[in-house]
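Enquirer: Dropping a structure here in structure tokens format, bear with me for questions.
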Amino acid sequence: MSPTLHAARTTPRAAELVATLVTADAVSEGLAGIDAAALERAGFEGKRDQTHTWSSEGRLCLLVGVGDDAASVGPDALRRGAALAARASSVRRLAIETGPGIEVDADGRRALAEGAVLGDYRFTVYKTSSTRTRLARVDVVGASGKRAQADLERGVVVAEAQCLARDLVNEPGGVLTPPEFARRAARAARAAGVKVDVWTKADIEKAKLGGLLGVNRGSSQPPRLVELTYQPSGRARGRLALVGKGLTFDAGGLSIKTGQGMMTMKMDMGGAAAVVAAMTAIARLAPPVRVHAIVPLTDNMLGGDATRPGDVLRIRNGKTIEVLNTDAEGRLVLADGLSLASERRPDAIVDLATLTGACMVALGPRIAGLMGNDEAFVDQVKAAAEAAGERVWPLPLPDDYRKMIDSKVADMKNIGGPHGGALTAGLLLREFVRDGIAWAHLDIAGPAWSDDDEGEISAGGTGFGVRTLVALAERFGA
Ligand code: BES
Ligand code: MN
Ligand code: ZN
């Protein structure tokens, strides 16, 4: 359960901890009622991520530094500061105040609510000893009234969706099998008012999803495909399709990974989790856009009849792929997913996938690679990510690199050369998007997972992509 958020005019007496977000400028000018010498002794200057706690009159107080000056404190700094406050607290009732000079608008309130919920998140399903007290209620001080309350609640909706994505990613691959993922996704989507279709293996065979079936061939778990539809009540401003890579565990198949390389591979459904979770938030926020989601689900195992290097798979749209490395499986299931999404005739498709280690080599662990076939749409996705406070960076899809995935026996092969692996994966995906449909691809191999807590980012599954997809749907066609 995440905390409820309340817009409060003044700090409630019942708050057990009062957190104040402050800038370094404000600290150096002196904070009213706070002993400057004590702050100095503690080394607290108000710089980003610095915290300082003390107790006064039976109440805990916390200062959180959010940046050098008020001009630099926008929604991203507020989200991060609120997350730090929530994570540092071990009480049920928290109040968040903003210090001198900091202006909080509607986006800022939304970000504060997101931060409070995201910072309070913990995955404790498998912890048998009781863990720290979770927040029940957070008051955001300074803004009261219906508008402010609604802003906070929109933030909670998005952050709760992101926490759902985190829960799905954190659940072990032996528990969250494709059928179990499909059940949980269906339950969450239905609760939000989204139409749900779960395809069984027989449905998948009938639809000739050769990529998904090929990857599934080494598994004793059946595949699934989850199809979700959000239809706005009024006229739709546009039609968007989302596709998420849903590898509930990636052992690599016969081209097996190392022990080290497999350790976090329960996270290989991070794209699927983000897509499902975003759909729940989109339905609750109800933008006037039709959104369709396609989520192919399987694990990538090594059973006795697993796909062999050299096998050729026929994808939904009729094109063939020679599998030379069974560990390059994400693109095989996404090829089917993108073909199907194209058949639903959307104006634009976005796919999210923990697709390549090469993308992490290029951009590191925190930044997603962004590619696509339509510059204007790629720019829209980039702008949505910026507004949502998620880090993405454009990568090219060079036409002259297409020959790197030429195959001697099929239309293409599933691996390129030793270099540019994020791009050759993207170039393969492009083959499965129907002409005339704008498409963007987010390679989230890095940011879907984090080794440590940092700001609003949680260790383990991060739920990366949820906020970007929601922001994109809210802006689409506007
Ligand atoms: N799921 C992995 C990519 C990945 C790696 C995600 C590390 C997150 C962290 C993907 O299926 C994969 O194995 N890709 C291979 C492709 C290669 C065989 C062409 C890779 O990146 O090594
Ligand atoms: Mn793989
Ligand atoms: Zn994978």
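Following the order of the structure tokens, first chain is A, next is B, and so on, with residues numbered from 1 inside each chain and ligands from 1 in the order they appear.
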For A:Glu205, list every protein, DNA or RNA residue within 12 Å, evaluated using only C-alpha atoms, and leave out those in the same chain fewer than 3 positions away; present the list as a VMD selection string.

Expert: chain A and resid 199 to 202 208 to 214 216 222 to 225 314 to 316 336

Enquirer: Deliver the residues from the most recent selection as a file, using N, CA and C atoms, as a tab-separated table (two decimals), in the first residue's frame.

Expert:
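Wrote selection.tsv, looks like this:
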chain	number	residue	atom	x	y	z
A	199	TRP	N	-3.78	-14.27	-24.62
A	199	TRP	CA	-3.65	-15.33	-25.63
A	199	TRP	C	-2.92	-16.52	-25.02
A	200	THR	N	-3.45	-17.72	-25.26
A	200	THR	CA	-2.77	-18.94	-24.84
A	200	THR	C	-1.80	-19.39	-25.93
A	201	LYS	N	-1.09	-20.47	-25.65
A	201	LYS	CA	-0.16	-20.99	-26.65
A	201	LYS	C	-0.89	-21.36	-27.94
A	202	ALA	N	-2.09	-21.93	-27.81
A	202	ALA	CA	-2.85	-22.30	-29.01
A	202	ALA	C	-3.20	-21.06	-29.84
A	208	LYS	N	0.42	-17.57	-35.74
A	208	LYS	CA	1.74	-17.73	-36.38
A	208	LYS	C	2.79	-16.73	-35.86
A	209	LEU	N	2.87	-16.64	-34.54
A	209	LEU	CA	3.89	-15.78	-33.95
A	209	LEU	C	5.17	-16.60	-33.80
A	210	GLY	N	5.86	-16.78	-34.93
A	210	GLY	CA	7.01	-17.68	-34.99
A	210	GLY	C	8.19	-17.24	-34.14
A	211	GLY	N	8.32	-15.95	-33.90
A	211	GLY	CA	9.42	-15.46	-33.06
A	211	GLY	C	9.19	-15.86	-31.61
A	212	LEU	N	7.99	-15.58	-31.12
A	212	LEU	CA	7.65	-15.90	-29.73
A	212	LEU	C	7.71	-17.42	-29.51
A	213	LEU	N	7.19	-18.18	-30.47
A	213	LEU	CA	7.20	-19.65	-30.33
A	213	LEU	C	8.63	-20.19	-30.39
A	214	GLY	N	9.44	-19.61	-31.24
A	214	GLY	CA	10.83	-20.05	-31.37
A	214	GLY	C	11.61	-19.84	-30.07
A	216	ASN	N	10.29	-19.64	-27.15
A	216	ASN	CA	9.65	-20.45	-26.10
A	216	ASN	C	10.00	-21.93	-26.17
A	222	PRO	N	4.52	-22.47	-20.84
A	222	PRO	CA	3.92	-21.99	-22.09
A	222	PRO	C	4.09	-20.48	-22.25
A	223	PRO	N	4.05	-19.99	-23.48
A	223	PRO	CA	4.10	-18.54	-23.69
A	223	PRO	C	2.72	-17.94	-23.47
A	224	ARG	N	2.66	-16.64	-23.36
A	224	ARG	CA	1.40	-15.91	-23.35
A	224	ARG	C	1.60	-14.64	-24.17
A	225	LEU	N	0.48	-14.07	-24.58
A	225	LEU	CA	0.52	-12.72	-25.14
A	225	LEU	C	-0.64	-11.96	-24.52
A	314	ARG	N	9.89	-17.89	-38.77
A	314	ARG	CA	9.04	-17.04	-39.62
A	314	ARG	C	8.15	-16.18	-38.71
A	315	ILE	N	8.30	-14.88	-38.81
A	315	ILE	CA	7.60	-13.93	-37.94
A	315	ILE	C	6.18	-13.68	-38.48
A	316	ARG	N	5.33	-13.16	-37.63
A	316	ARG	CA	3.93	-12.88	-37.95
A	316	ARG	C	3.74	-12.19	-39.31
A	336	ASP	N	7.38	-10.16	-33.63
A	336	ASP	CA	5.97	-10.53	-33.64
A	336	ASP	C	5.10	-9.43	-33.02

Enquirer: Write as a ChimeraX atom specification the residues around ligand 3, taking 9 Å as the cut-off and counting only C-alpha atoms and all ligand atoms.

Expert: /A:245-247,249-252,265,267-269,299-300,327-331,353-356,445

Enquirer: Go ahead and save the residues from that selection, with N, CA and C atoms, as a short mmCIF file (atom, residue, chain, number, x, y, z; two decimals), in the first residue's frame.

Expert:
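Once everything was written out, this is part-v8.cif:
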data_model
loop_
_atom_site.label_atom_id
_atom_site.label_comp_id
_atom_site.auth_asym_id
_atom_site.auth_seq_id
_atom_site.Cartn_x
_atom_site.Cartn_y
_atom_site.Cartn_z
N LYS A 245 8.83 -5.84 -24.22
CA LYS A 245 9.54 -7.13 -24.20
C LYS A 245 9.26 -7.83 -22.88
N GLY A 246 8.70 -9.03 -22.97
CA GLY A 246 8.32 -9.76 -21.76
C GLY A 246 9.04 -11.07 -21.60
N LEU A 247 10.35 -11.02 -21.40
CA LEU A 247 11.13 -12.24 -21.11
C LEU A 247 11.14 -12.43 -19.60
N PHE A 249 12.32 -14.65 -17.84
CA PHE A 249 13.70 -14.96 -17.45
C PHE A 249 14.49 -15.24 -18.72
N ASP A 250 15.69 -14.68 -18.80
CA ASP A 250 16.54 -14.87 -19.98
C ASP A 250 17.82 -15.59 -19.59
N ALA A 251 17.82 -16.92 -19.77
CA ALA A 251 19.03 -17.70 -19.53
C ALA A 251 19.97 -17.65 -20.74
N GLY A 252 19.46 -17.13 -21.85
CA GLY A 252 20.25 -17.06 -23.07
C GLY A 252 19.90 -18.17 -24.06
N MET A 265 18.59 -11.60 -14.60
CA MET A 265 17.77 -11.73 -15.81
C MET A 265 16.28 -11.98 -15.57
N MET A 267 14.80 -9.56 -14.65
CA MET A 267 14.38 -8.21 -15.04
C MET A 267 14.12 -8.05 -16.52
N ASP A 268 14.22 -9.16 -17.30
CA ASP A 268 14.15 -9.03 -18.76
C ASP A 268 12.71 -8.84 -19.27
N MET A 269 11.80 -8.68 -18.32
CA MET A 269 10.42 -8.30 -18.67
C MET A 269 10.12 -6.87 -18.24
N ASP A 299 9.88 -17.27 -21.33
CA ASP A 299 11.25 -17.22 -20.84
C ASP A 299 12.14 -17.79 -21.94
N ASN A 300 13.45 -17.71 -21.73
CA ASN A 300 14.41 -18.14 -22.76
C ASN A 300 15.30 -19.21 -22.13
N ASP A 327 20.65 -16.00 -27.58
CA ASP A 327 20.56 -14.99 -26.54
C ASP A 327 20.09 -13.64 -27.08
N ALA A 328 20.06 -13.50 -28.41
CA ALA A 328 19.48 -12.28 -29.01
C ALA A 328 18.00 -12.58 -29.29
N GLU A 329 17.26 -12.85 -28.18
CA GLU A 329 15.89 -13.33 -28.30
C GLU A 329 14.84 -12.24 -28.23
N GLY A 330 15.20 -11.12 -27.60
CA GLY A 330 14.21 -10.06 -27.40
C GLY A 330 13.66 -9.56 -28.73
N ARG A 331 14.55 -9.38 -29.69
CA ARG A 331 14.14 -8.87 -31.00
C ARG A 331 13.22 -9.86 -31.71
N ALA A 353 12.15 -2.18 -24.31
CA ALA A 353 12.79 -3.49 -24.21
C ALA A 353 14.14 -3.41 -23.52
N THR A 354 14.37 -4.35 -22.62
CA THR A 354 15.71 -4.54 -22.05
C THR A 354 16.50 -5.34 -23.08
N LEU A 355 16.91 -4.64 -24.16
CA LEU A 355 17.28 -5.36 -25.38
C LEU A 355 18.75 -5.71 -25.51
N THR A 356 19.64 -4.76 -25.22
CA THR A 356 21.06 -5.05 -25.51
C THR A 356 22.02 -4.57 -24.42
N ALA A 445 17.70 -1.52 -21.31
CA ALA A 445 18.54 -2.53 -20.64
C ALA A 445 19.24 -1.95 -19.40
#

Enquirer: May I have all residues of stretch 149-362 of chain A that DSSP, computed from the backbone, assigns to strand (DSSP E or B), given as a VMD selection string?

Expert: chain A and resid 195 to 199 224 to 230 239 to 244 246 to 250 290 to 300 312 to 314 320 to 322 348 to 353

Enquirer: Atom CA of A:Gly463 and atom CA of A:Ile444 are how many Å apart?

Expert: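 We find that atom CA of A:Gly463 and atom CA of A:Ile444 lie 10.3 Å from each other.
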
Enquirer: One decimal, Å: what's the distance from atom CA of A:Leu31 over to atom CA of A:Val64, could you say?

Expert: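 A separation of 12.8 Å between them.
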
Enquirer: So how many Å separate atom CA of A:Ser220 and atom CA of A:Ile415, to one decimal?

Expert: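 Pair atom CA of A:Ser220 / atom CA of A:Ile415 returns 25.6 Å.
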
Enquirer: Compare A:Val333, A:Ala38, A:Lys403, A:Leu472 by their minimum atom-to-atom distance to ligand 1, counting only C-alpha atoms and all ligand atoms, and give me the closest one.

Expert: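 Between A:Val333, A:Ala38, A:Lys403, A:Leu472, the residue approaching ligand 1 most closely is A:Val333.
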
Enquirer: Give me the residues near A:Arg13 as a PDB file with N, CA, C and O atoms, in the first residue's frame, where near means some atom within 10 Å (using only C-alpha atoms) and where sequence neighbours in that chain fewer than 5 positions away do not count.

Expert:
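selection23.pdb written:
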ATOM      1  N   VAL A  18       8.623  16.149   9.980  1.00  0.00           N
ATOM      2  CA  VAL A  18       8.419  17.264   9.050  1.00  0.00           C
ATOM      3  C   VAL A  18       9.683  17.424   8.224  1.00  0.00           C
ATOM      4  O   VAL A  18      10.763  17.686   8.763  1.00  0.00           O
ATOM      5  N   ARG A  59       9.085  16.155  18.073  1.00  0.00           N
ATOM      6  CA  ARG A  59       8.816  15.889  16.668  1.00  0.00           C
ATOM      7  C   ARG A  59      10.125  15.807  15.886  1.00  0.00           C
ATOM      8  O   ARG A  59      11.062  16.560  16.146  1.00  0.00           O
ATOM      9  N   ALA A  95       5.100  15.095   6.838  1.00  0.00           N
ATOM     10  CA  ALA A  95       4.698  16.344   6.177  1.00  0.00           C
ATOM     11  C   ALA A  95       5.887  16.832   5.356  1.00  0.00           C
ATOM     12  O   ALA A  95       7.033  16.737   5.808  1.00  0.00           O
TER      13      ALA A  95
END

Enquirer: Please determine, counting only C-alpha atoms and all ligand atoms, which residue among A:Met262, A:Ile437, A:Ala188, A:Ala410 has the shortest atom-to-atom distance to ligand 2.

Expert: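 The closest residue to ligand 2 is A:Met262.
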
Enquirer: Show which residues sit within 6 Å of A:His441, as a PDB file with all heavy atoms, in the first residue's frame. Count only C-alpha atoms, and ignore same-chain residues fewer than 4 positions away.

Expert:
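Below you can see out.pdb, which holds the result:
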ATOM      1  N   VAL A 350       5.308   2.679 -29.803  1.00  0.00           N
ATOM      2  CA  VAL A 350       6.537   2.747 -28.999  1.00  0.00           C
ATOM      3  C   VAL A 350       6.783   1.369 -28.430  1.00  0.00           C
ATOM      4  O   VAL A 350       5.862   0.745 -27.894  1.00  0.00           O
ATOM      5  CB  VAL A 350       6.419   3.657 -27.756  1.00  0.00           C
ATOM      6  CG1 VAL A 350       7.799   3.917 -27.167  1.00  0.00           C
ATOM      7  CG2 VAL A 350       5.719   4.937 -28.073  1.00  0.00           C
ATOM      8  N   ASP A 351       8.009   0.873 -28.548  1.00  0.00           N
ATOM      9  CA  ASP A 351       8.335  -0.354 -27.838  1.00  0.00           C
ATOM     10  C   ASP A 351       9.372  -0.079 -26.769  1.00  0.00           C
ATOM     11  O   ASP A 351      10.216   0.806 -26.914  1.00  0.00           O
ATOM     12  CB  ASP A 351       8.792  -1.462 -28.804  1.00  0.00           C
ATOM     13  CG  ASP A 351      10.217  -1.276 -29.268  1.00  0.00           C
ATOM     14  OD1 ASP A 351      11.148  -1.511 -28.478  1.00  0.00           O
ATOM     15  OD2 ASP A 351      10.416  -0.883 -30.446  1.00  0.00           O
ATOM     16  N   LEU A 370      17.243   5.743 -27.414  1.00  0.00           N
ATOM     17  CA  LEU A 370      15.992   6.053 -28.128  1.00  0.00           C
ATOM     18  C   LEU A 370      16.263   6.051 -29.629  1.00  0.00           C
ATOM     19  O   LEU A 370      17.118   6.790 -30.116  1.00  0.00           O
ATOM     20  CB  LEU A 370      15.481   7.424 -27.672  1.00  0.00           C
ATOM     21  CG  LEU A 370      14.317   8.051 -28.441  1.00  0.00           C
ATOM     22  CD1 LEU A 370      13.073   7.175 -28.389  1.00  0.00           C
ATOM     23  CD2 LEU A 370      14.019   9.444 -27.885  1.00  0.00           C
ATOM     24  N   MET A 371      15.564   5.194 -30.342  1.00  0.00           N
ATOM     25  CA  MET A 371      15.708   5.094 -31.801  1.00  0.00           C
ATOM     26  C   MET A 371      14.327   5.144 -32.433  1.00  0.00           C
ATOM     27  O   MET A 371      13.318   5.054 -31.737  1.00  0.00           O
ATOM     28  CB  MET A 371      16.389   3.770 -32.169  1.00  0.00           C
ATOM     29  CG  MET A 371      17.855   3.708 -31.804  1.00  0.00           C
ATOM     30  SD  MET A 371      18.399   2.029 -31.304  1.00  0.00           S
ATOM     31  CE  MET A 371      18.266   2.175 -29.522  1.00  0.00           C
ATOM     32  N   GLY A 372      14.270   5.240 -33.763  1.00  0.00           N
ATOM     33  CA  GLY A 372      12.962   5.238 -34.410  1.00  0.00           C
ATOM     34  C   GLY A 372      13.048   5.499 -35.895  1.00  0.00           C
ATOM     35  O   GLY A 372      14.134   5.665 -36.451  1.00  0.00           O
TER      36      GLY A 372
END

Enquirer: From the options A:Gly310, A:Gly234, A:Pro3, A:Gly416, which residue's atoms come nearest to A:Leu94, counting only C-alpha atoms?

Expert: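 Of A:Gly310, A:Gly234, A:Pro3, A:Gly416, the one nearest A:Leu94, counting only C-alpha atoms, is A:Pro3.
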
Enquirer: Give the answer as one residue: which of A:Gly173, A:Gly244, A:Gly119, A:Gly364 has the shortest atom-to-atom distance to A:Gly465, using only C-alpha atoms?

Expert: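 Ranked by minimum distance to A:Gly465, first place goes to A:Gly244.
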
Enquirer: Identify which of the residues A:Ala422, A:Thr462, A:Ala83, A:Ser339 lies closest to A:Pro396, counting only C-alpha atoms when measuring atom-to-atom distances.

Expert: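 Of all the options, A:Ala422 lies closest to A:Pro396.
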
Enquirer: Between A:Val291, A:Ala473, A:Leu340, A:Ala111, single out the one closest to A:Val140, counting only C-alpha atoms.

Expert: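 Comparing A:Val291, A:Ala473, A:Leu340, A:Ala111 against A:Val140, the winner is A:Ala111.
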